[in-house]
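Engineer: So here's target_32.cif, just mmCIF, C-alpha atoms (C1' of nucleotides):
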data_coords
loop_
_atom_site.label_atom_id
_atom_site.label_comp_id
_atom_site.auth_asym_id
_atom_site.auth_seq_id
_atom_site.Cartn_x
_atom_site.Cartn_y
_atom_site.Cartn_z
CA MET V 1 0.00 0.00 0.00
CA ARG V 2 1.44 3.27 -1.13
CA MET V 3 1.76 6.04 1.41
CA SER V 4 3.39 9.45 1.69
CA ALA V 5 6.86 9.50 3.18
CA GLU V 6 5.56 11.50 6.10
CA GLU V 7 2.83 9.01 6.87
CA ARG V 8 5.31 6.17 6.63
CA ARG V 9 7.73 7.88 8.93
CA GLU V 10 4.92 8.29 11.40
CA SER V 11 4.04 4.59 11.25
CA VAL V 12 7.67 3.68 11.69
CA ILE V 13 8.01 5.79 14.80
CA ARG V 14 4.92 4.27 16.32
CA ALA V 15 6.07 0.76 15.56
CA ALA V 16 9.51 1.65 16.87
CA VAL V 17 8.15 2.76 20.23
CA THR V 18 6.44 -0.59 20.66
CA GLU V 19 9.37 -2.69 19.54
CA PHE V 20 12.08 -0.73 21.33
CA ALA V 21 9.98 -0.73 24.47
CA ARG V 22 9.99 -4.52 24.53
CA GLY V 23 13.45 -5.24 23.23
CA GLY V 24 15.51 -2.22 24.07
CA TYR V 25 17.89 -0.62 21.61
CA HIS V 26 20.14 -3.61 21.02
CA GLY V 27 17.46 -6.21 21.49
CA THR V 28 15.30 -4.84 18.71
CA SER V 29 16.07 -5.53 15.07
CA THR V 30 15.14 -3.14 12.32
CA GLU V 31 13.56 -6.21 10.79
CA ALA V 32 11.10 -6.39 13.69
CA ILE V 33 10.15 -2.74 13.27
CA ALA V 34 9.72 -3.12 9.54
CA ARG V 35 7.55 -6.19 9.99
CA ARG V 36 5.29 -4.30 12.37
CA VAL V 37 4.96 -1.44 9.93
CA GLY V 38 4.40 -3.81 7.06
CA VAL V 39 7.29 -2.71 4.88
CA SER V 40 10.60 -4.25 3.92
CA GLN V 41 13.53 -3.85 6.27
CA PRO V 42 15.81 -1.98 3.85
CA TYR V 43 13.09 0.55 3.19
CA LEU V 44 13.45 1.88 6.73
CA PHE V 45 16.81 3.23 5.67
CA ARG V 46 15.19 5.32 2.99
CA LEU V 47 13.05 6.95 5.64
CA PHE V 48 15.68 7.26 8.36
CA PRO V 49 19.45 7.43 8.11
CA SER V 50 20.09 4.77 10.74
CA LYS V 51 18.62 2.60 13.46
CA GLN V 52 19.88 5.11 15.98
CA ALA V 53 17.94 7.90 14.33
CA ILE V 54 14.76 5.84 14.59
CA PHE V 55 15.45 5.17 18.24
CA ILE V 56 15.94 8.84 19.01
CA GLU V 57 12.68 9.71 17.31
CA ALA V 58 10.94 7.00 19.31
CA CYS V 59 12.36 8.48 22.51
CA ARG V 60 11.05 11.93 21.67
CA ARG V 61 7.68 10.54 20.77
CA CYS V 62 7.43 8.58 24.00
CA THR V 63 8.08 11.49 26.36
CA GLU V 64 5.94 13.76 24.22
CA GLU V 65 3.00 11.39 24.54
CA VAL V 66 3.48 11.14 28.28
CA TRP V 67 3.29 14.89 28.46
CA GLN V 68 0.17 14.96 26.28
CA VAL V 69 -1.52 12.68 28.78
CA PHE V 70 -0.44 14.83 31.71
CA ASP V 71 -1.38 18.00 29.90
CA ARG V 72 -4.87 16.89 29.01
CA ALA V 73 -5.46 15.55 32.51
CA SER V 74 -4.35 18.70 34.29
CA GLU V 75 -5.56 21.35 31.88
CA GLY V 76 -6.55 24.47 33.74
CA LEU V 77 -5.31 23.10 37.07
CA SER V 78 -2.25 24.05 39.08
CA GLY V 79 -0.42 23.20 42.28
CA GLU V 80 -1.73 20.27 44.29
CA ASP V 81 -4.71 19.84 41.99
CA ALA V 82 -2.51 19.52 38.94
CA ARG V 83 -0.28 17.12 40.76
CA ARG V 84 -3.12 14.86 41.76
CA ALA V 85 -4.60 14.98 38.28
CA MET V 86 -1.32 13.97 36.70
CA GLY V 87 -0.84 11.21 39.23
CA LEU V 88 -4.23 9.82 38.37
CA ALA V 89 -3.44 10.13 34.70
CA TYR V 90 -0.36 8.01 35.20
CA MET V 91 -2.56 5.22 36.51
CA GLU V 92 -4.11 5.06 33.07
CA LEU V 93 -0.80 5.39 31.28
CA VAL V 94 0.37 2.27 33.05
CA GLN V 95 -2.28 0.30 31.20
CA ASP V 96 -0.10 0.73 28.15
CA ARG V 97 2.92 -1.25 29.25
CA ASP V 98 4.95 -0.30 26.20
CA ARG V 99 4.84 3.39 26.98
CA ILE V 100 6.18 2.63 30.45
CA LEU V 101 8.88 0.27 29.27
CA MET V 102 10.07 2.69 26.63
CA GLN V 103 10.87 5.19 29.35
CA MET V 104 13.26 2.75 30.99
CA GLN V 105 14.73 1.69 27.69
CA MET V 106 15.55 5.32 26.96
CA GLN V 107 17.29 5.65 30.28
CA VAL V 108 19.49 2.58 30.01
CA ALA V 109 20.22 3.35 26.37
CA ALA V 110 21.47 6.75 27.47
CA ALA V 111 23.86 5.17 29.95
CA ASN V 112 24.85 2.61 27.37
CA THR V 113 25.82 4.99 24.61
CA ASP V 114 27.37 7.49 26.99
CA THR V 115 29.81 4.91 28.32
CA ALA V 116 30.45 3.78 24.76
CA GLY V 117 31.62 7.27 23.94
CA ASP V 118 28.71 8.11 21.66
CA PRO V 119 26.79 10.93 23.34
CA GLU V 120 24.05 11.35 20.72
CA VAL V 121 21.40 9.14 22.25
CA GLY V 122 22.27 10.22 25.76
CA GLU V 123 21.88 13.87 24.86
CA ALA V 124 18.56 13.28 23.16
CA VAL V 125 17.30 11.36 26.17
CA ARG V 126 18.40 13.99 28.66
CA ARG V 127 16.84 16.69 26.54
CA ALA V 128 13.54 14.81 26.31
CA TRP V 129 13.39 14.06 30.02
CA PHE V 130 14.43 17.50 31.04
CA GLU V 131 11.64 18.94 28.95
CA LEU V 132 9.08 16.57 30.42
CA TRP V 133 10.37 17.26 33.90
CA GLU V 134 10.13 21.01 33.45
CA ARG V 135 6.67 20.93 31.95
CA VAL V 136 5.42 18.82 34.82
CA ARG V 137 7.17 20.96 37.40
CA ILE V 138 5.76 24.17 36.00
CA ARG V 139 2.28 22.73 35.76
CA MET V 140 2.51 21.77 39.43
CA GLY V 141 3.44 25.29 40.39
CA GLY V 142 7.17 25.36 39.88
CA ASP V 143 8.39 23.65 43.01
CA HIS V 144 11.43 21.49 42.38
CA GLY V 145 11.01 19.24 45.38
CA GLN V 146 7.49 18.33 44.47
CA ALA V 147 8.52 17.45 40.95
CA THR V 148 11.27 15.26 42.35
CA GLU V 149 8.81 13.45 44.54
CA PHE V 150 6.36 13.07 41.69
CA PHE V 151 8.92 11.54 39.38
CA GLY V 152 10.16 9.35 42.18
CA TYR V 153 6.84 7.60 42.35
CA GLY V 154 6.73 7.42 38.60
CA MET V 155 10.09 5.69 38.35
CA LEU V 156 9.16 3.23 41.06
CA ILE V 157 6.05 2.33 39.15
CA ASN V 158 8.05 1.96 35.97
CA SER V 159 10.42 -0.48 37.62
CA LEU V 160 7.65 -2.58 39.10
CA VAL V 161 5.85 -2.68 35.77
CA ALA V 162 9.05 -3.67 33.98
CA MET V 163 9.65 -6.55 36.36
CA GLY V 164 6.08 -7.68 36.09
CA PHE V 165 5.12 -7.00 39.68
CA PRO V 166 1.55 -5.95 40.31
CA LEU V 167 0.90 -2.43 41.53
CA ASP V 168 -1.14 -2.16 44.66
CA HIS V 169 -2.89 0.79 46.24
CA ARG V 170 0.08 1.69 48.38
CA VAL V 171 2.15 2.63 45.36
CA TRP V 172 -0.61 4.80 44.01
CA ALA V 173 -1.04 6.40 47.39
CA GLY V 174 2.24 8.15 46.81
CA PHE V 175 0.77 9.81 43.77
CA GLY V 176 -2.63 10.70 45.00
CA ASP V 177 -3.05 10.83 48.75
CA GLU V 178 0.35 10.87 50.31
CA GLN V 179 0.44 14.51 51.26
CA THR V 180 -2.75 14.07 53.26
CA GLU V 181 -1.14 11.56 55.58
CA GLY V 182 2.50 12.54 55.60
CA ARG V 183 3.64 8.95 55.16
CA THR V 184 2.28 6.40 52.74
CA SER V 185 2.38 3.69 55.32
CA GLY V 186 1.34 3.88 58.94
CA LYS V 187 0.68 0.68 60.76
CA THR V 188 -1.62 -1.11 58.35
CA GLU V 189 -0.82 -4.80 58.24
CA GLU V 190 -2.32 -5.59 54.88
CA LYS V 191 -1.17 -7.77 52.03
CA THR V 192 2.24 -6.98 50.65
CA ALA V 193 2.80 -5.26 47.34
CA GLN V 194 5.18 -7.94 46.22
CA LYS V 195 4.11 -11.37 47.35
CA THR V 196 3.31 -12.40 43.83
CA GLU V 197 5.10 -14.79 41.58
CA GLN V 198 6.66 -16.98 44.21
CA SER V 199 3.36 -17.77 45.90
CA THR V 200 5.09 -18.43 49.23
CA GLU V 201 8.32 -17.35 50.87
CA PRO V 202 11.18 -17.09 48.39
CA GLY V 203 13.69 -18.06 51.07
CA PRO V 204 17.23 -16.77 50.67
CA LYS V 205 19.66 -18.83 48.62
CA MET A 1 47.26 -18.00 34.17
CA ARG A 2 45.74 -21.17 35.47
CA MET A 3 42.95 -20.89 37.99
CA SER A 4 40.37 -23.14 39.61
CA ALA A 5 37.03 -23.33 37.87
CA GLU A 6 35.40 -21.77 40.89
CA GLU A 7 37.75 -18.82 40.87
CA ARG A 8 37.21 -18.35 37.17
CA ARG A 9 33.49 -18.45 37.52
CA GLU A 10 33.78 -15.79 40.18
CA SER A 11 35.85 -13.56 37.90
CA VAL A 12 33.39 -14.06 35.10
CA ILE A 13 30.45 -13.02 37.23
CA ARG A 14 32.25 -9.90 38.36
CA ALA A 15 33.21 -8.97 34.84
CA ALA A 16 29.69 -9.75 33.70
CA VAL A 17 28.16 -7.34 36.21
CA THR A 18 30.31 -4.54 34.85
CA GLU A 19 29.74 -5.32 31.20
CA PHE A 20 26.04 -6.06 31.43
CA ALA A 21 25.56 -2.92 33.50
CA ARG A 22 26.91 -0.81 30.66
CA GLY A 23 25.59 -2.66 27.66
CA GLY A 24 22.51 -4.46 28.89
CA TYR A 25 21.79 -8.04 28.02
CA HIS A 26 21.68 -7.69 24.25
CA GLY A 27 24.23 -4.91 24.05
CA THR A 28 26.93 -6.94 25.73
CA SER A 29 28.88 -9.58 23.85
CA THR A 30 30.32 -12.62 25.54
CA GLU A 31 33.50 -11.51 23.83
CA ALA A 32 33.50 -8.33 25.91
CA ILE A 33 33.07 -10.28 29.14
CA ALA A 34 35.81 -12.72 28.20
CA ARG A 35 38.17 -9.89 27.34
CA ARG A 36 37.59 -8.30 30.72
CA VAL A 37 38.25 -11.59 32.48
CA GLY A 38 41.28 -12.24 30.35
CA VAL A 39 40.19 -15.55 28.86
CA SER A 40 39.04 -16.64 25.44
CA GLN A 41 35.42 -16.19 24.50
CA PRO A 42 34.63 -19.89 23.93
CA TYR A 43 35.99 -20.73 27.34
CA LEU A 44 33.07 -18.94 28.97
CA PHE A 45 30.88 -21.71 27.66
CA ARG A 46 32.88 -24.27 29.57
CA LEU A 47 32.13 -22.39 32.75
CA PHE A 48 28.52 -21.49 32.03
CA PRO A 49 25.99 -23.16 29.78
CA SER A 50 24.92 -19.95 28.04
CA LYS A 51 25.08 -16.19 27.98
CA GLN A 52 21.73 -16.13 29.70
CA ALA A 53 23.05 -18.19 32.58
CA ILE A 54 25.87 -15.70 33.06
CA PHE A 55 23.40 -12.85 33.03
CA ILE A 56 21.21 -14.47 35.65
CA GLU A 57 24.21 -15.00 37.90
CA ALA A 58 25.20 -11.37 37.44
CA CYS A 59 21.69 -10.32 38.45
CA ARG A 60 21.83 -12.36 41.63
CA ARG A 61 25.24 -11.03 42.44
CA CYS A 62 24.16 -7.44 41.93
CA THR A 63 21.19 -7.51 44.29
CA GLU A 64 23.14 -9.58 46.77
CA GLU A 65 25.86 -6.94 46.89
CA VAL A 66 23.33 -4.18 47.33
CA TRP A 67 21.95 -6.05 50.30
CA GLN A 68 25.43 -6.56 51.73
CA VAL A 69 25.92 -2.82 51.69
CA PHE A 70 22.55 -2.22 53.35
CA ASP A 71 23.16 -4.97 55.85
CA ARG A 72 26.54 -3.72 56.96
CA ALA A 73 25.30 -0.16 57.18
CA SER A 74 22.25 -0.98 59.28
CA GLU A 75 23.60 -3.80 61.44
CA GLY A 76 21.98 -3.76 64.84
CA LEU A 77 19.58 -0.99 63.88
CA SER A 78 15.88 -1.13 63.19
CA GLY A 79 12.93 1.03 62.19
CA GLU A 80 13.69 4.64 61.32
CA ASP A 81 17.34 4.27 62.27
CA ALA A 82 17.81 1.36 59.92
CA ARG A 83 16.02 3.22 57.20
CA ARG A 84 18.21 6.26 57.51
CA ALA A 85 21.34 4.14 57.65
CA MET A 86 20.43 2.31 54.48
CA GLY A 87 19.55 5.55 52.74
CA LEU A 88 22.96 6.92 53.58
CA ALA A 89 24.56 3.71 52.43
CA TYR A 90 22.89 4.12 49.06
CA MET A 91 24.64 7.43 48.65
CA GLU A 92 27.89 5.53 48.64
CA LEU A 93 26.57 2.80 46.40
CA VAL A 94 25.84 5.41 43.78
CA GLN A 95 29.55 6.07 43.49
CA ASP A 96 29.74 2.75 41.70
CA ARG A 97 27.70 3.56 38.62
CA ASP A 98 27.81 0.00 37.34
CA ARG A 99 26.03 -1.41 40.37
CA ILE A 100 23.26 1.11 39.82
CA LEU A 101 22.99 0.53 36.10
CA MET A 102 22.89 -3.21 36.53
CA GLN A 103 19.73 -2.86 38.57
CA MET A 104 17.96 -1.17 35.69
CA GLN A 105 19.37 -3.61 33.17
CA MET A 106 17.90 -6.45 35.21
CA GLN A 107 14.54 -4.79 35.19
CA VAL A 108 14.31 -4.11 31.47
CA ALA A 109 15.75 -7.53 30.71
CA ALA A 110 12.95 -9.05 32.75
CA ALA A 111 10.36 -7.21 30.70
CA ASN A 112 12.19 -8.10 27.54
CA THR A 113 12.35 -11.83 28.06
CA ASP A 114 8.87 -11.99 29.55
CA THR A 115 7.31 -10.50 26.44
CA ALA A 116 9.49 -12.78 24.33
CA GLY A 117 7.88 -15.75 26.01
CA ASP A 118 10.99 -16.82 27.89
CA PRO A 119 10.25 -16.40 31.60
CA GLU A 120 13.60 -17.57 32.96
CA VAL A 121 15.32 -14.23 33.31
CA GLY A 122 12.15 -12.53 34.45
CA GLU A 123 11.63 -15.05 37.19
CA ALA A 124 15.20 -14.78 38.38
CA VAL A 125 14.94 -11.00 38.45
CA ARG A 126 11.67 -11.01 40.36
CA ARG A 127 13.06 -13.48 42.83
CA ALA A 128 16.19 -11.41 43.39
CA TRP A 129 14.29 -8.17 43.82
CA PHE A 130 11.67 -9.68 46.01
CA GLU A 131 14.36 -11.02 48.31
CA LEU A 132 16.11 -7.66 48.46
CA TRP A 133 12.80 -5.92 49.05
CA GLU A 134 11.86 -8.24 51.87
CA ARG A 135 15.22 -8.02 53.57
CA VAL A 136 15.10 -4.26 53.49
CA ARG A 137 11.50 -4.17 54.64
CA ILE A 138 12.16 -6.46 57.57
CA ARG A 139 15.24 -4.55 58.58
CA MET A 140 13.19 -1.38 58.63
CA GLY A 141 10.65 -2.93 60.93
CA GLY A 142 8.34 -4.75 58.55
CA ASP A 143 6.19 -1.92 57.28
CA HIS A 144 5.28 -2.34 53.62
CA GLY A 145 4.54 1.30 52.93
CA GLN A 146 7.88 2.44 54.21
CA ALA A 147 9.67 -0.10 52.05
CA THR A 148 7.72 1.14 49.05
CA GLU A 149 8.73 4.68 49.75
CA PHE A 150 12.35 3.69 50.28
CA PHE A 151 12.56 1.86 46.99
CA GLY A 152 10.78 4.70 45.27
CA TYR A 153 13.63 7.03 46.05
CA GLY A 154 16.07 4.34 45.06
CA MET A 155 14.54 3.89 41.63
CA LEU A 156 14.42 7.61 41.03
CA ILE A 157 18.09 7.84 41.80
CA ASN A 158 18.81 4.91 39.52
CA SER A 159 17.05 6.62 36.64
CA LEU A 160 18.84 9.90 37.14
CA VAL A 161 22.18 8.14 37.35
CA ALA A 162 21.43 6.17 34.20
CA MET A 163 20.62 9.31 32.27
CA GLY A 164 23.69 11.05 33.55
CA PHE A 165 21.90 13.71 35.55
CA PRO A 166 23.60 14.90 38.70
CA LEU A 167 21.99 14.13 42.04
CA ASP A 168 21.39 17.08 44.28
CA HIS A 169 20.53 17.24 47.96
CA ARG A 170 16.81 17.25 47.32
CA VAL A 171 16.88 13.74 45.98
CA TRP A 172 18.83 12.57 48.98
CA ALA A 173 16.45 14.37 51.28
CA GLY A 174 13.87 11.75 50.44
CA PHE A 175 16.15 9.09 51.81
CA GLY A 176 17.45 10.77 54.88
CA ASP A 177 15.38 13.64 56.18
CA GLU A 178 12.04 13.54 54.52
CA GLN A 179 10.04 12.24 57.45
CA THR A 180 11.18 15.17 59.54
CA GLU A 181 9.56 17.68 57.23
CA GLY A 182 6.64 15.81 55.75
CA ARG A 183 7.49 16.99 52.26
CA THR A 184 10.84 17.11 50.57
CA SER A 185 10.20 20.50 49.16
CA GLY A 186 8.61 23.44 50.89
CA LYS A 187 9.23 26.81 49.40
CA THR A 188 12.98 26.79 48.87
CA GLU A 189 13.84 28.53 45.63
CA GLU A 190 17.27 27.03 45.11
CA LYS A 191 19.02 25.69 42.06
CA THR A 192 17.14 23.03 40.18
CA ALA A 193 18.06 19.39 40.26
CA GLN A 194 18.13 19.17 36.51
CA LYS A 195 19.50 22.26 34.87
CA THR A 196 22.61 20.51 33.80
CA GLU A 197 23.66 19.38 30.39
CA GLN A 198 21.84 22.00 28.42
CA SER A 199 23.45 24.87 30.27
CA THR A 200 20.47 27.14 29.50
CA GLU A 201 16.83 26.56 28.71
CA PRO A 202 16.28 23.53 26.51
CA GLY A 203 13.25 25.14 24.94
CA PRO A 204 10.47 22.89 23.66
CA LYS A 205 10.62 21.58 20.12
"C1'" DG M 1 7.55 5.05 -2.75
"C1'" DT M 2 8.87 0.37 -2.25
"C1'" DC M 3 11.06 -4.09 -3.19
"C1'" DT M 4 14.74 -7.93 -3.86
"C1'" DA M 5 19.32 -9.19 -3.47
"C1'" DT M 6 23.26 -9.03 -0.99
"C1'" DA M 7 27.43 -7.29 1.17
"C1'" DG M 8 29.93 -7.22 5.41
"C1'" DA M 9 30.36 -7.56 10.13
"C1'" DA M 10 29.29 -9.31 14.51
"C1'" DA M 11 27.48 -12.63 17.67
"C1'" DG M 12 26.59 -17.15 20.36
"C1'" DA M 13 27.92 -21.55 20.57
"C1'" DT M 14 30.43 -26.21 19.35
"C1'" DA M 15 34.57 -29.32 18.32
"C1'" DG M 16 38.72 -30.75 19.22
"C1'" DA M 17 43.51 -30.13 20.50
"C1'" DC M 18 46.86 -29.49 24.24
"C1'" DG E 1 41.81 -25.60 32.66
"C1'" DT E 2 42.29 -23.17 28.44
"C1'" DC E 3 42.97 -22.18 23.52
"C1'" DT E 4 42.24 -21.97 18.23
"C1'" DA E 5 39.31 -22.74 14.55
"C1'" DT E 6 34.99 -22.53 12.84
"C1'" DC E 7 29.89 -23.20 12.00
"C1'" DT E 8 25.61 -20.76 11.81
"C1'" DT E 9 22.67 -17.17 12.48
"C1'" DT E 10 21.41 -12.64 12.71
"C1'" DC E 11 21.85 -7.94 11.93
"C1'" DT E 12 22.64 -3.12 9.85
"C1'" DA E 13 23.14 -1.05 5.79
"C1'" DT E 14 23.88 -0.45 0.55
"C1'" DA E 15 22.82 -1.07 -4.55
"C1'" DG E 16 19.88 -1.15 -7.95
"C1'" DA E 17 15.50 -2.32 -10.12
"C1'" DC E 18 10.61 -1.10 -10.80
#
Mind converting the file's structure to structure tokens?
Structural biologist:
Amino acid sequence: MRMSAEERRESVIRAAVTEFARGGYHGTSTEAIARRVGVSQPYLFRLFPSKQAIFIEACRRCTEEVWQVFDRASEGLSGEDARRAMGLAYMELVQDRDRILMQMQMQVAAANTDTAGDPEVGEAVRRAWFELWERVRIRMGGDHGQATEFFGYGMLINSLVAMGFPLDHRVWAGFGDEQTEGRTSGKTEEKTAQKTEQSTEPGPK
Amino acid sequence: MRMSAEERRESVIRAAVTEFARGGYHGTSTEAIARRVGVSQPYLFRLFPSKQAIFIEACRRCTEEVWQVFDRASEGLSGEDARRAMGLAYMELVQDRDRILMQMQMQVAAANTDTAGDPEVGEAVRRAWFELWERVRIRMGGDHGQATEFFGYGMLINSLVAMGFPLDHRVWAGFGDEQTEGRTSGKTEEKTAQKTEQSTEPGPK
DNA sequence: GTCTATAGAAAGATAGAC
DNA sequence: GTCTATCTTTCTATAGAC
């Protein structure tokens, strides 16, 4: 099916977000991306100069979409209200595992290429995250500490999602209700957030 | 240089932690690990059945070492004291970037192999993290919410380290002093935690 | 705008010698 | 306990046709 170059590029980026999210930079072949788009693998290199260029575009797209979700959810709000709205919005974002995974893939890819002496990906990733961070911070009223806390909960959730652990209410409490109780915990002796895959005690060694 | 198989295996695991931390599972060649150990690449497969087996061992080693650090730092302590001690200990752990990066590599590798239909790595990673989580939780007095909060700050720090952002005092505040002020922030209008690599505003677009 | 064919370079793993 | 040689697969990227 014939398509304009712009439309194709768009499809490629979307497919790339999905594939890179699952496989990471090195674990994803351009073949896999092409297959998802429905074009031949070599054709990708007519649309983008390299695999790395596709990855960088996918990174931008991922953080941009996260912001879109936050923006829509917190439109017209500010301060605590905006913060709560964005926290709630993240609960929905988590439904799309790929969007969460891609965030982590960006981060490790940044470390990866930085240590390899190729700063291009790392710079793109830092730029994208800095922009997201600033937009969120400003929407929440400009306080740096609150943004730090907000992203802290976000990263925790990302890690748990990546590992395949279920998210329980206590994690979300950090996003939505934590400032009303000072601490997320207390004395509640409920079910753990983690006692999942191993069914019973995963005794040491 | 001749060495016992056990000694060699030990060297391989250590080298593997470093290499996998930087390259991730797919981005690290067995050649790179072998080079770091100082043996030939095929010899690795006399010591371990596969690259995956080496990776799983490296994962175990990484979380085990993190616990060793926490354990030593918080020996004899409990509750808030233990929590603070482990938070401080993490500040030192961060000096070793590879140990931090390896944590994230484990997590994305778990997602990666899970979606690929091969649960082995994912299960090993969940087991390792669950054990670390439980040990930390119990040392802190058994409260689930506090453990969640503790790991939240840890994951945030991991992400920032991975991306190459500097850590400022506000991030550490979450580990050490946060319960004394309820919120990490307040009204302090100091330097941001992020305004790093771009020197000035990294304007949108 | 899109494909087939293919070059060229790794990478993981095995075989067999010493 | 350790190496060299090598098989096989996979992967990014290019060339050229339609």
Engineer: Considering only C-alpha atoms, extract the chain A residues located within 6 Å of chain V and return them as a PyMOL selection string.
Structural biologist: chain A and resi 22-23+26-27+107-108+110-112+145-146+152-153+155-156+162-163+182+184-185
Engineer: Starting from the PyMOL selection byres ((chain V) within 8 of (chain E)), expand the selection into actual residues of this file and give them as JSON, numbers by chain.
Structural biologist: {"V": [29, 30, 42, 45, 51]}
Engineer: Tell me which of A:Arg35, A:Ser11, A:Met3, A:Gln52 sits closest to chain M, counting all atoms listed in the file.
Structural biologist: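 Of all the options, A:Gln52 lies closest to chain M.
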Engineer: With a cut-off of 10 Å and counting all atoms listed in the file, select all residues of chain M in contact with chain V and give the selection as a list in words.
Structural biologist: DG1, DT2, DC3 and DT4 of chain M
Engineer: Under the PyMOL selection byres ((chain V and resi 86) around 12), which residues of this model are included? Write them out as an MDAnalysis selection string.
Structural biologist: chainID V and resid 66:75 77:85 87:93 135:137 139:140 147 150:151 153:154 172 175:176
Engineer: Quote the spacing between CA of Glu65 (chain V) and CA of Ile13 (chain V) in Å to one decimal place.
Structural biologist: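 So the answer is 12.3 Å.
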